[in-house]
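Structure file run_18.cif (mmCIF, C-alpha atoms) is printed below.
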data_run
loop_
_atom_site.label_atom_id
_atom_site.label_comp_id
_atom_site.auth_asym_id
_atom_site.auth_seq_id
_atom_site.Cartn_x
_atom_site.Cartn_y
_atom_site.Cartn_z
CA MET J 1 -11.39 19.63 -9.80
CA THR J 2 -9.81 17.66 -12.63
CA TRP J 3 -9.23 13.99 -11.90
CA THR J 4 -5.89 12.64 -13.14
CA ASP J 5 -6.40 9.19 -14.60
CA LEU J 6 -3.28 7.13 -13.93
CA GLY J 7 -4.49 4.22 -16.04
CA ASN J 8 -5.09 0.61 -15.12
CA PRO J 9 -1.93 -1.23 -14.00
CA LEU J 10 -1.32 -4.51 -15.79
CA PRO J 11 1.66 -6.84 -15.46
CA TYR J 12 3.94 -7.06 -18.48
CA VAL J 13 4.14 -10.37 -20.30
CA GLU J 14 7.91 -10.04 -19.93
CA PRO J 15 9.12 -7.84 -17.06
CA VAL J 16 11.80 -5.20 -17.59
CA ALA J 17 14.91 -5.86 -15.49
CA TYR J 18 15.64 -3.01 -13.10
CA GLU J 19 18.82 -2.20 -11.16
CA PRO J 20 17.97 -0.81 -7.70
CA VAL J 21 19.36 2.47 -6.36
CA LYS J 22 22.76 2.30 -4.68
CA TRP J 23 22.50 4.50 -1.60
CA ARG J 24 25.41 6.55 -0.28
CA THR J 25 25.34 5.76 3.43
CA SER J 26 27.59 5.46 6.46
CA ASP J 27 27.46 4.76 10.22
CA ILE J 28 25.05 1.85 10.45
CA LEU J 29 23.13 1.61 13.73
CA TYR J 30 21.63 -1.83 14.37
CA LEU J 31 18.33 -1.74 16.24
CA MET J 32 17.17 -4.16 18.90
CA PRO J 33 14.17 -6.32 17.94
CA PRO J 34 11.18 -6.23 20.32
CA SER J 35 11.53 -8.27 23.49
CA GLU J 36 10.00 -11.73 23.49
CA GLY J 37 6.70 -11.84 25.28
CA PHE J 38 5.93 -8.16 24.66
CA SER J 39 2.21 -7.88 24.01
CA LEU J 40 0.26 -5.14 22.24
CA PRO J 41 -3.37 -4.13 22.86
CA PRO J 42 -6.09 -6.01 20.91
CA ILE J 43 -6.51 -4.70 17.38
CA ASP J 44 -10.09 -3.55 17.96
CA ALA J 45 -8.94 -1.42 20.92
CA VAL J 46 -6.17 0.09 18.79
CA ILE J 47 -8.59 0.97 15.98
CA GLU J 48 -11.08 2.56 18.38
CA ALA J 49 -8.39 4.60 20.12
CA ARG J 50 -6.45 5.83 17.08
CA ARG J 51 -6.46 9.58 16.57
CA THR J 52 -4.21 12.05 14.79
CA ARG J 53 -2.40 13.81 17.62
CA ARG J 54 0.02 16.71 17.20
CA ARG J 55 2.06 16.79 20.39
CA PHE J 56 5.36 14.99 19.95
CA GLY J 57 7.81 14.00 22.65
CA PRO J 58 11.06 12.17 21.84
CA PRO J 59 10.42 8.42 21.43
CA THR J 60 12.93 6.04 22.98
CA GLN J 61 15.21 4.10 20.65
CA TYR J 62 13.43 0.93 21.73
CA THR J 63 10.02 2.37 20.80
CA LEU J 64 11.32 3.58 17.43
CA SER J 65 12.87 0.15 16.81
CA HIS J 66 9.62 -1.63 17.69
CA TRP J 67 7.65 0.72 15.42
CA LEU J 68 9.98 0.14 12.45
CA TRP J 69 9.96 -3.61 13.15
CA LEU J 70 6.18 -3.71 12.79
CA VAL J 71 5.90 -1.44 9.75
CA GLY J 72 8.92 -2.05 7.56
CA ARG J 73 11.22 -4.94 8.37
CA GLU J 74 11.99 -7.63 5.83
CA MET J 75 10.47 -10.93 6.99
CA ALA J 76 11.31 -13.14 4.00
CA VAL J 77 12.69 -12.81 0.48
CA GLY J 78 11.91 -14.63 -2.74
CA HIS J 79 13.44 -15.00 -6.18
CA SER J 80 12.26 -12.86 -9.10
CA ASN J 81 13.30 -12.01 -12.65
CA LEU J 82 12.92 -8.27 -12.04
CA GLY J 83 16.56 -7.62 -11.17
CA PHE J 84 15.92 -7.62 -7.40
CA PRO J 85 14.31 -10.04 -4.93
CA LEU J 86 10.69 -9.90 -3.86
CA ALA J 87 10.01 -9.53 -0.16
CA ARG J 88 7.46 -10.11 2.57
CA ARG J 89 7.04 -7.28 5.06
CA PRO J 90 4.35 -6.42 7.63
CA VAL J 91 2.41 -4.40 5.01
CA PRO J 92 1.08 -5.57 1.63
CA SER J 93 2.66 -4.27 -1.56
CA ALA J 94 1.76 -4.67 -5.23
CA GLY J 95 3.69 -7.65 -6.56
CA ALA J 96 5.57 -8.01 -3.23
CA ILE J 97 7.91 -5.34 -4.61
CA HIS J 98 7.92 -2.82 -1.72
CA PRO J 99 9.29 0.21 -3.62
CA ILE J 100 9.03 2.67 -0.72
CA HIS J 101 12.03 3.51 1.46
CA ILE J 102 11.73 5.06 4.92
CA ALA J 103 14.09 7.89 5.92
CA ILE J 104 13.89 9.56 9.31
CA SER J 105 15.23 12.69 11.01
CA LEU J 106 15.80 12.14 14.73
CA PRO J 107 15.29 14.88 17.34
CA ASP J 108 18.72 14.27 18.88
CA ARG J 109 20.85 13.60 15.78
CA ASP J 110 21.69 15.57 12.64
CA GLY J 111 21.29 14.16 9.15
CA TRP J 112 18.81 11.68 7.70
CA GLN J 113 18.76 7.99 8.57
CA LEU J 114 17.72 5.41 5.97
CA TYR J 115 15.95 2.36 7.36
CA LEU J 116 17.45 -0.92 6.13
CA PRO J 117 14.61 -3.48 6.26
CA GLU J 118 16.85 -6.50 5.66
CA ARG J 119 19.08 -5.59 8.64
CA HIS J 120 16.61 -3.79 10.90
CA ALA J 121 19.12 -0.97 11.09
CA LEU J 122 19.53 2.73 10.34
CA ALA J 123 22.25 4.06 8.03
CA GLN J 124 23.08 7.74 7.75
CA LEU J 125 22.52 9.21 4.30
CA LYS J 126 25.59 11.09 3.11
CA THR J 127 23.48 13.53 1.09
CA PRO J 128 21.62 15.72 1.63
CA TYR J 129 23.11 16.47 5.05
CA GLU J 130 20.68 18.62 7.02
CA ASN J 131 20.88 19.35 10.73
CA ARG J 132 17.85 18.68 12.89
CA VAL J 133 17.14 22.40 13.42
CA PHE J 134 16.92 23.03 9.68
CA VAL J 135 14.59 20.03 9.17
CA ARG J 136 12.19 21.24 11.84
CA GLU J 137 12.25 24.89 10.75
CA HIS J 138 11.61 23.82 7.15
CA LEU J 139 8.43 21.99 8.24
CA MET J 140 7.23 24.71 10.62
CA PRO J 141 4.76 26.21 8.07
CA VAL J 142 3.09 22.78 7.97
CA ILE J 143 3.47 21.50 11.54
CA ASP J 144 5.47 22.04 14.72
CA VAL J 145 7.57 18.86 14.92
CA GLN J 146 8.67 19.59 18.52
CA LYS J 147 10.72 16.57 19.71
CA GLY J 148 9.20 14.10 17.25
CA VAL J 149 10.75 11.99 14.51
CA VAL J 150 10.25 13.22 10.94
CA VAL J 151 9.43 10.34 8.59
CA ARG J 152 9.95 10.57 4.82
CA LEU J 153 8.58 8.08 2.31
CA LEU J 154 10.77 7.77 -0.80
CA ALA J 155 9.36 5.71 -3.66
CA GLU J 156 11.76 3.93 -6.00
CA HIS J 157 9.07 3.80 -8.66
CA GLY J 158 11.22 2.00 -11.22
CA LYS J 159 10.91 -1.18 -9.18
CA THR J 160 7.13 -1.30 -9.59
CA ALA J 161 7.43 -0.17 -13.22
CA ALA J 162 9.64 -3.18 -13.91
CA LYS J 163 6.59 -5.43 -13.56
CA TYR J 164 3.56 -3.25 -14.30
CA GLU J 165 2.58 -0.78 -16.99
CA HIS J 166 0.72 2.27 -15.65
CA SER J 167 2.35 1.54 -12.32
CA ALA J 168 2.11 4.98 -10.68
CA SER J 169 -1.19 4.35 -8.90
CA LEU J 170 0.23 1.16 -7.38
CA VAL J 171 3.08 3.15 -5.87
CA TRP J 172 0.66 5.67 -4.37
CA ARG J 173 -1.49 2.86 -2.97
CA ASP J 174 1.60 1.27 -1.44
CA ALA J 175 2.32 4.62 0.24
CA GLY J 176 -1.22 4.83 1.61
CA VAL J 177 -1.14 1.30 2.98
CA LEU J 178 2.22 1.97 4.66
CA ILE J 179 1.03 5.22 6.28
CA GLY J 180 -2.09 3.47 7.57
CA GLN J 181 0.01 0.72 9.15
CA MET J 182 2.33 3.32 10.66
CA ALA J 183 -0.62 5.07 12.30
CA LEU J 184 -2.05 1.87 13.80
CA VAL J 185 1.30 0.63 15.08
CA ALA J 186 2.01 4.05 16.61
CA GLU J 187 -1.29 3.90 18.48
CA ALA J 188 -0.57 0.35 19.66
CA LEU J 189 2.75 1.60 21.08
CA THR J 190 1.01 4.60 22.73
CA CYS J 191 2.71 7.07 20.41
CA ASN J 192 1.34 10.10 18.59
CA PHE J 193 1.38 10.05 14.79
CA CYS J 194 0.42 12.64 12.20
CA PRO J 195 0.61 12.15 8.40
CA LEU J 196 1.32 15.35 6.48
CA GLY J 197 -0.42 16.44 3.30
CA ILE J 198 2.80 17.39 1.49
CA THR J 199 4.70 14.78 -0.54
CA GLY J 200 8.23 16.11 0.06
CA HIS J 201 9.11 15.44 -3.56
CA GLU J 202 11.22 18.62 -3.91
CA TRP J 203 13.64 17.20 -1.31
CA ILE J 204 14.69 14.50 -3.78
CA SER J 205 16.84 16.98 -5.73
CA GLY J 206 19.39 16.93 -2.90
CA LEU J 207 19.90 13.20 -3.37
CA GLU J 208 20.99 13.59 -7.01
CA LEU J 209 18.58 10.76 -7.82
CA GLN J 210 15.74 12.86 -9.21
CA ASN J 211 14.80 10.36 -11.90
CA ARG J 212 15.02 7.34 -9.63
CA LEU J 213 12.99 8.42 -6.60
CA ALA J 214 9.79 10.28 -5.80
CA GLY J 215 8.59 11.79 -2.55
CA VAL J 216 5.27 10.18 -1.61
CA GLY J 217 4.63 11.50 1.88
CA LEU J 218 5.83 12.67 5.26
CA ALA J 219 4.66 12.01 8.80
CA ILE J 220 5.65 12.79 12.37
CA LEU J 221 6.03 10.15 15.10
CA GLY J 222 6.42 11.12 18.73
CA ALA J 223 6.06 9.95 22.29
CA ARG J 224 2.76 10.73 23.95
#
What's the structure tokens form of this structure?
Amino acid sequence: MTWTDLGNPLPYVEPVAYEPVKWRTSDILYLMPPSEGFSLPPIDAVIEARRTRRRFGPPTQYTLSHWLWLVGREMAVGHSNLGFPLARRPVPSAGAIHPIHIAISLPDRDGWQLYLPERHALAQLKTPYENRVFVREHLMPVIDVQKGVVVRLLAEHGKTAAKYEHSASLVWRDAGVLIGQMALVAEALTCNFCPLGITGHEWISGLELQNRLAGVGLAILGAR
């Protein structure tokens, strides 16, 4: 095979200001944070038990909310000169930039839902509008989604490029870290989780933001 060298990322002396994507959304659904006092298994037990499992029941809204809370919510924000604030989330990210957005397709609802980390909420994407049957049939050559939740990772790579030259590998590493956290949290919540090998990049064309976003992975989350 031929290895693609993405170069060594280095921060610019002077960052390039970047204006974040303005999403076309509607119908915001606010999610309930986890209940106080809810305890998860010890981390060593979670690591030992984690497996890729491919049977997916429909997760409850509470389970989905808890999963998103532990993988993607915004915990704190900080000032920056990049054109957008930096953030602290449950996963690490190069430069605290967090360029990856989470979009999900639910088993009981048409369309795609964009996770809003700062609100812990889901907002329906206006485009592309795809019903749940189409989403699952489209992925059938890769995996049978059954009653699971389809998870898309959408990288707004211009955010990372505002601070770093040769930034592409940082975006891919952010995606890997996020998928790893998703898998561990799913196991802790007794859910099944399967990352897919495809990137889903071709789906971006339906958003009319081809030059602003990149598909960097898909996964399926489901009840055990």
Selection: 12 Å around Gly206 in chain J, only C-alpha atoms, excl. self and same-chain fewer than 5 positions, as a tab-separated table (two decimals) with C-alpha atoms, keeping the file's coordinate frame:
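Result file follows (out21.tsv):
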chain	number	residue	atom	x	y	z
J	112	TRP	CA	18.81	11.68	7.70
J	125	LEU	CA	22.52	9.21	4.30
J	126	LYS	CA	25.59	11.09	3.11
J	127	THR	CA	23.48	13.53	1.09
J	128	PRO	CA	21.62	15.72	1.63
J	129	TYR	CA	23.11	16.47	5.05
J	130	GLU	CA	20.68	18.62	7.02
J	200	GLY	CA	8.23	16.11	0.06
J	201	HIS	CA	9.11	15.44	-3.56
J	213	LEU	CA	12.99	8.42	-6.60
J	215	GLY	CA	8.59	11.79	-2.55
Near Leu122 in chain J, counting all atoms listed in the file, which residues have an atom at most 7 Å away, once you skip same-chain residues fewer than 3 positions from it, shown as a CSV table (one decimal) with C-alpha atoms, in the coordinates of the input?
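Output file result.csv follows:
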chain,number,residue,atom,x,y,z
J,28,ILE,CA,25.0,1.8,10.4
J,29,LEU,CA,23.1,1.6,13.7
J,30,TYR,CA,21.6,-1.8,14.4
J,113,GLN,CA,18.8,8.0,8.6
J,114,LEU,CA,17.7,5.4,6.0
J,115,TYR,CA,16.0,2.4,7.4
J,116,LEU,CA,17.4,-0.9,6.1
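The interatomic distance for the pair CA of Asn8 in chain J and CA of Ile100 in chain J works out to 20.3 Å.
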* To do: Using all atoms listed in the file, determine which residues lie at most 12 Å from Leu31 in chain J, disregarding the query and same-chain residues fewer than 3 positions distant; provide the list as a PyMOL selection string.
  => chain J and resi 28+34-35+60-69+73+115-123
For Leu170 in chain J, list every protein, DNA or RNA residue within 9 Å, evaluated using all atoms listed in the file, and leave out those in the same chain fewer than 6 positions away; present the list as a PDB file with C-alpha atoms, keeping the file's coordinate frame.
ATOM      1  CA  PRO J   9      -1.930  -1.230 -14.000  1.00  0.00           C
ATOM      2  CA  SER J  93       2.660  -4.270  -1.560  1.00  0.00           C
ATOM      3  CA  ALA J  94       1.760  -4.670  -5.230  1.00  0.00           C
ATOM      4  CA  THR J 160       7.130  -1.300  -9.590  1.00  0.00           C
ATOM      5  CA  TYR J 164       3.560  -3.250 -14.300  1.00  0.00           C
TER       6      TYR J 164
END
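Between CA of Leu154 in chain J and CA of Ile43 in chain J lies a distance of 28.0 Å.
Distance check against Glu14 in chain J using all atoms listed in the file: of J:Gln181, J:Arg212, J:Pro99, J:Leu82, the minimum falls on J:Leu82.
Closest approach to Lys147 in chain J among J:Gly57, J:Gly217, J:Pro92, J:Gly180 is made by J:Gly57 (distances from only C-alpha atoms).
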* Could you work out how far CA of Gly72 in chain J lies from CA of Ala17 in chain J, giving the answer in Å with one decimal? -> 24.1 Å
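Polymer residues near (1.2, 16.2, 17.5): counting all atoms listed in the file with a cut-off of 8 Å, they are Thr52, Arg53, Arg54, Arg55, Phe56, Asp144, Val145, Asn192, Phe193, Cys194, Ile220 and Gly222 of chain J.
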* Ile198 in chain J: which residues within 10 Å, counting only C-alpha atoms, same-chain residues fewer than 4 positions away excluded, as a PyMOL selection string? -> chain J and resi 139+142+215-219
* Asked: Using only C-alpha atoms, which of J:Gly148, J:Ile143, J:Ala49, J:His157 sits nearest Gly197 in chain J?
  -> J:Ile143
* Selection under test: the PyMOL selection byres ((chain J and resi 187-189) around 7); residues as a count of residues only -> 11
* Asked: Using all atoms listed in the file, which of the listed residues (J:Ser205, J:Asn131, J:Thr199, J:Gln124) sits closest to Asp27 in chain J?
  -> J:Gln124
* Asked: For Ser26 in chain J, which residue out of J:Trp3, J:Phe84, J:Ile102, J:Gly111 is the nearest one, using all atoms listed in the file?
  -> J:Gly111
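Minimum atom-to-atom distance to Val16 in chain J, evaluated using only C-alpha atoms, belongs to J:Glu165 out of J:Asp110, J:Glu165, J:Glu74, J:Glu48.
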* Asked: Could you spell out the hits of the PyMOL selection byres ((chain J and resi 133) around 10) on the shown file, as a PyMOL selection string?
  -> chain J and resi 107-110+130-132+134-138
Could you give me range 147-183 of chain J completed to N, CA and C atoms, formatted as a PDB file, keeping the file's coordinate frame?
ATOM      1  N   LYS J 147       9.660  17.549  19.497  1.00  0.00           N
ATOM      2  CA  LYS J 147      10.720  16.570  19.710  1.00  0.00           C
ATOM      3  C   LYS J 147      10.429  15.250  18.983  1.00  0.00           C
ATOM      4  N   GLY J 148       9.576  15.318  17.963  1.00  0.00           N
ATOM      5  CA  GLY J 148       9.200  14.100  17.250  1.00  0.00           C
ATOM      6  C   GLY J 148      10.206  13.680  16.201  1.00  0.00           C
ATOM      7  N   VAL J 149       9.953  12.541  15.602  1.00  0.00           N
ATOM      8  CA  VAL J 149      10.750  11.990  14.510  1.00  0.00           C
ATOM      9  C   VAL J 149      10.064  12.324  13.197  1.00  0.00           C
ATOM     10  N   VAL J 150      10.794  12.930  12.267  1.00  0.00           N
ATOM     11  CA  VAL J 150      10.250  13.220  10.940  1.00  0.00           C
ATOM     12  C   VAL J 150      10.461  11.990  10.057  1.00  0.00           C
ATOM     13  N   VAL J 151       9.399  11.549   9.415  1.00  0.00           N
ATOM     14  CA  VAL J 151       9.430  10.340   8.590  1.00  0.00           C
ATOM     15  C   VAL J 151       9.188  10.724   7.134  1.00  0.00           C
ATOM     16  N   ARG J 152      10.105  10.339   6.258  1.00  0.00           N
ATOM     17  CA  ARG J 152       9.950  10.570   4.820  1.00  0.00           C
ATOM     18  C   ARG J 152       9.728   9.240   4.105  1.00  0.00           C
ATOM     19  N   LEU J 153       8.803   9.244   3.151  1.00  0.00           N
ATOM     20  CA  LEU J 153       8.580   8.080   2.310  1.00  0.00           C
ATOM     21  C   LEU J 153       9.131   8.380   0.917  1.00  0.00           C
ATOM     22  N   LEU J 154      10.092   7.581   0.486  1.00  0.00           N
ATOM     23  CA  LEU J 154      10.770   7.770  -0.800  1.00  0.00           C
ATOM     24  C   LEU J 154      10.472   6.575  -1.688  1.00  0.00           C
ATOM     25  N   ALA J 155       9.769   6.806  -2.768  1.00  0.00           N
ATOM     26  CA  ALA J 155       9.360   5.710  -3.660  1.00  0.00           C
ATOM     27  C   ALA J 155      10.379   5.515  -4.778  1.00  0.00           C
ATOM     28  N   GLU J 156      10.904   4.310  -4.868  1.00  0.00           N
ATOM     29  CA  GLU J 156      11.760   3.930  -6.000  1.00  0.00           C
ATOM     30  C   GLU J 156      10.830   3.327  -7.054  1.00  0.00           C
ATOM     31  N   HIS J 157      10.182   4.194  -7.793  1.00  0.00           N
ATOM     32  CA  HIS J 157       9.070   3.800  -8.660  1.00  0.00           C
ATOM     33  C   HIS J 157       9.484   2.873  -9.795  1.00  0.00           C
ATOM     34  N   GLY J 158      10.757   2.889 -10.158  1.00  0.00           N
ATOM     35  CA  GLY J 158      11.220   2.000 -11.220  1.00  0.00           C
ATOM     36  C   GLY J 158      11.093   0.531 -10.872  1.00  0.00           C
ATOM     37  N   LYS J 159      11.081   0.212  -9.580  1.00  0.00           N
ATOM     38  CA  LYS J 159      10.910  -1.180  -9.180  1.00  0.00           C
ATOM     39  C   LYS J 159       9.522  -1.690  -9.554  1.00  0.00           C
ATOM     40  N   THR J 160       8.504  -0.900  -9.235  1.00  0.00           N
ATOM     41  CA  THR J 160       7.130  -1.300  -9.590  1.00  0.00           C
ATOM     42  C   THR J 160       6.934  -1.268 -11.102  1.00  0.00           C
ATOM     43  N   ALA J 161       7.559  -0.288 -11.761  1.00  0.00           N
ATOM     44  CA  ALA J 161       7.430  -0.170 -13.220  1.00  0.00           C
ATOM     45  C   ALA J 161       8.125  -1.312 -13.940  1.00  0.00           C
ATOM     46  N   ALA J 162       8.993  -2.041 -13.270  1.00  0.00           N
ATOM     47  CA  ALA J 162       9.640  -3.180 -13.910  1.00  0.00           C
ATOM     48  C   ALA J 162       8.660  -4.314 -14.168  1.00  0.00           C
ATOM     49  N   LYS J 163       7.568  -4.349 -13.411  1.00  0.00           N
ATOM     50  CA  LYS J 163       6.590  -5.430 -13.560  1.00  0.00           C
ATOM     51  C   LYS J 163       5.274  -4.975 -14.173  1.00  0.00           C
ATOM     52  N   TYR J 164       4.898  -3.706 -13.901  1.00  0.00           N
ATOM     53  CA  TYR J 164       3.560  -3.250 -14.300  1.00  0.00           C
ATOM     54  C   TYR J 164       3.641  -2.041 -15.221  1.00  0.00           C
ATOM     55  N   GLU J 165       2.799  -2.017 -16.251  1.00  0.00           N
ATOM     56  CA  GLU J 165       2.580  -0.780 -16.990  1.00  0.00           C
ATOM     57  C   GLU J 165       1.545   0.047 -16.220  1.00  0.00           C
ATOM     58  N   HIS J 166       1.588   1.362 -16.411  1.00  0.00           N
ATOM     59  CA  HIS J 166       0.720   2.270 -15.650  1.00  0.00           C
ATOM     60  C   HIS J 166       0.857   1.979 -14.153  1.00  0.00           C
ATOM     61  N   SER J 167       2.074   1.991 -13.678  1.00  0.00           N
ATOM     62  CA  SER J 167       2.350   1.540 -12.320  1.00  0.00           C
ATOM     63  C   SER J 167       2.215   2.623 -11.251  1.00  0.00           C
ATOM     64  N   ALA J 168       2.062   3.889 -11.652  1.00  0.00           N
ATOM     65  CA  ALA J 168       2.110   4.980 -10.680  1.00  0.00           C
ATOM     66  C   ALA J 168       1.066   4.842  -9.578  1.00  0.00           C
ATOM     67  N   SER J 169      -0.156   4.444  -9.938  1.00  0.00           N
ATOM     68  CA  SER J 169      -1.190   4.350  -8.900  1.00  0.00           C
ATOM     69  C   SER J 169      -0.877   3.252  -7.901  1.00  0.00           C
ATOM     70  N   LEU J 170      -0.168   2.215  -8.319  1.00  0.00           N
ATOM     71  CA  LEU J 170       0.230   1.160  -7.380  1.00  0.00           C
ATOM     72  C   LEU J 170       1.215   1.697  -6.350  1.00  0.00           C
ATOM     73  N   VAL J 171       2.119   2.558  -6.797  1.00  0.00           N
ATOM     74  CA  VAL J 171       3.080   3.150  -5.870  1.00  0.00           C
ATOM     75  C   VAL J 171       2.359   4.019  -4.844  1.00  0.00           C
ATOM     76  N   TRP J 172       1.410   4.824  -5.296  1.00  0.00           N
ATOM     77  CA  TRP J 172       0.660   5.670  -4.370  1.00  0.00           C
ATOM     78  C   TRP J 172      -0.162   4.827  -3.403  1.00  0.00           C
ATOM     79  N   ARG J 173      -0.728   3.730  -3.885  1.00  0.00           N
ATOM     80  CA  ARG J 173      -1.490   2.860  -2.970  1.00  0.00           C
ATOM     81  C   ARG J 173      -0.575   2.191  -1.961  1.00  0.00           C
ATOM     82  N   ASP J 174       0.619   1.804  -2.387  1.00  0.00           N
ATOM     83  CA  ASP J 174       1.600   1.270  -1.440  1.00  0.00           C
ATOM     84  C   ASP J 174       1.890   2.297  -0.339  1.00  0.00           C
ATOM     85  N   ALA J 175       2.038   3.565  -0.730  1.00  0.00           N
ATOM     86  CA  ALA J 175       2.320   4.620   0.240  1.00  0.00           C
ATOM     87  C   ALA J 175       1.170   4.765   1.233  1.00  0.00           C
ATOM     88  N   GLY J 176      -0.059   4.706   0.739  1.00  0.00           N
ATOM     89  CA  GLY J 176      -1.220   4.830   1.610  1.00  0.00           C
ATOM     90  C   GLY J 176      -1.330   3.684   2.598  1.00  0.00           C
ATOM     91  N   VAL J 177      -1.095   2.472   2.108  1.00  0.00           N
ATOM     92  CA  VAL J 177      -1.140   1.300   2.980  1.00  0.00           C
ATOM     93  C   VAL J 177      -0.078   1.417   4.076  1.00  0.00           C
ATOM     94  N   LEU J 178       1.120   1.854   3.695  1.00  0.00           N
ATOM     95  CA  LEU J 178       2.220   1.970   4.660  1.00  0.00           C
ATOM     96  C   LEU J 178       1.901   3.026   5.720  1.00  0.00           C
ATOM     97  N   ILE J 179       1.370   4.173   5.320  1.00  0.00           N
ATOM     98  CA  ILE J 179       1.030   5.220   6.280  1.00  0.00           C
ATOM     99  C   ILE J 179      -0.064   4.740   7.233  1.00  0.00           C
ATOM    100  N   GLY J 180      -1.051   4.007   6.706  1.00  0.00           N
ATOM    101  CA  GLY J 180      -2.090   3.470   7.570  1.00  0.00           C
ATOM    102  C   GLY J 180      -1.542   2.518   8.614  1.00  0.00           C
ATOM    103  N   GLN J 181      -0.627   1.646   8.194  1.00  0.00           N
ATOM    104  CA  GLN J 181       0.010   0.720   9.150  1.00  0.00           C
ATOM    105  C   GLN J 181       0.824   1.491  10.181  1.00  0.00           C
ATOM    106  N   MET J 182       1.542   2.509   9.728  1.00  0.00           N
ATOM    107  CA  MET J 182       2.330   3.320  10.660  1.00  0.00           C
ATOM    108  C   MET J 182       1.442   3.933  11.738  1.00  0.00           C
ATOM    109  N   ALA J 183       0.276   4.431  11.348  1.00  0.00           N
ATOM    110  CA  ALA J 183      -0.620   5.070  12.300  1.00  0.00           C
ATOM    111  C   ALA J 183      -1.145   4.070  13.328  1.00  0.00           C
TER     112      ALA J 183
END
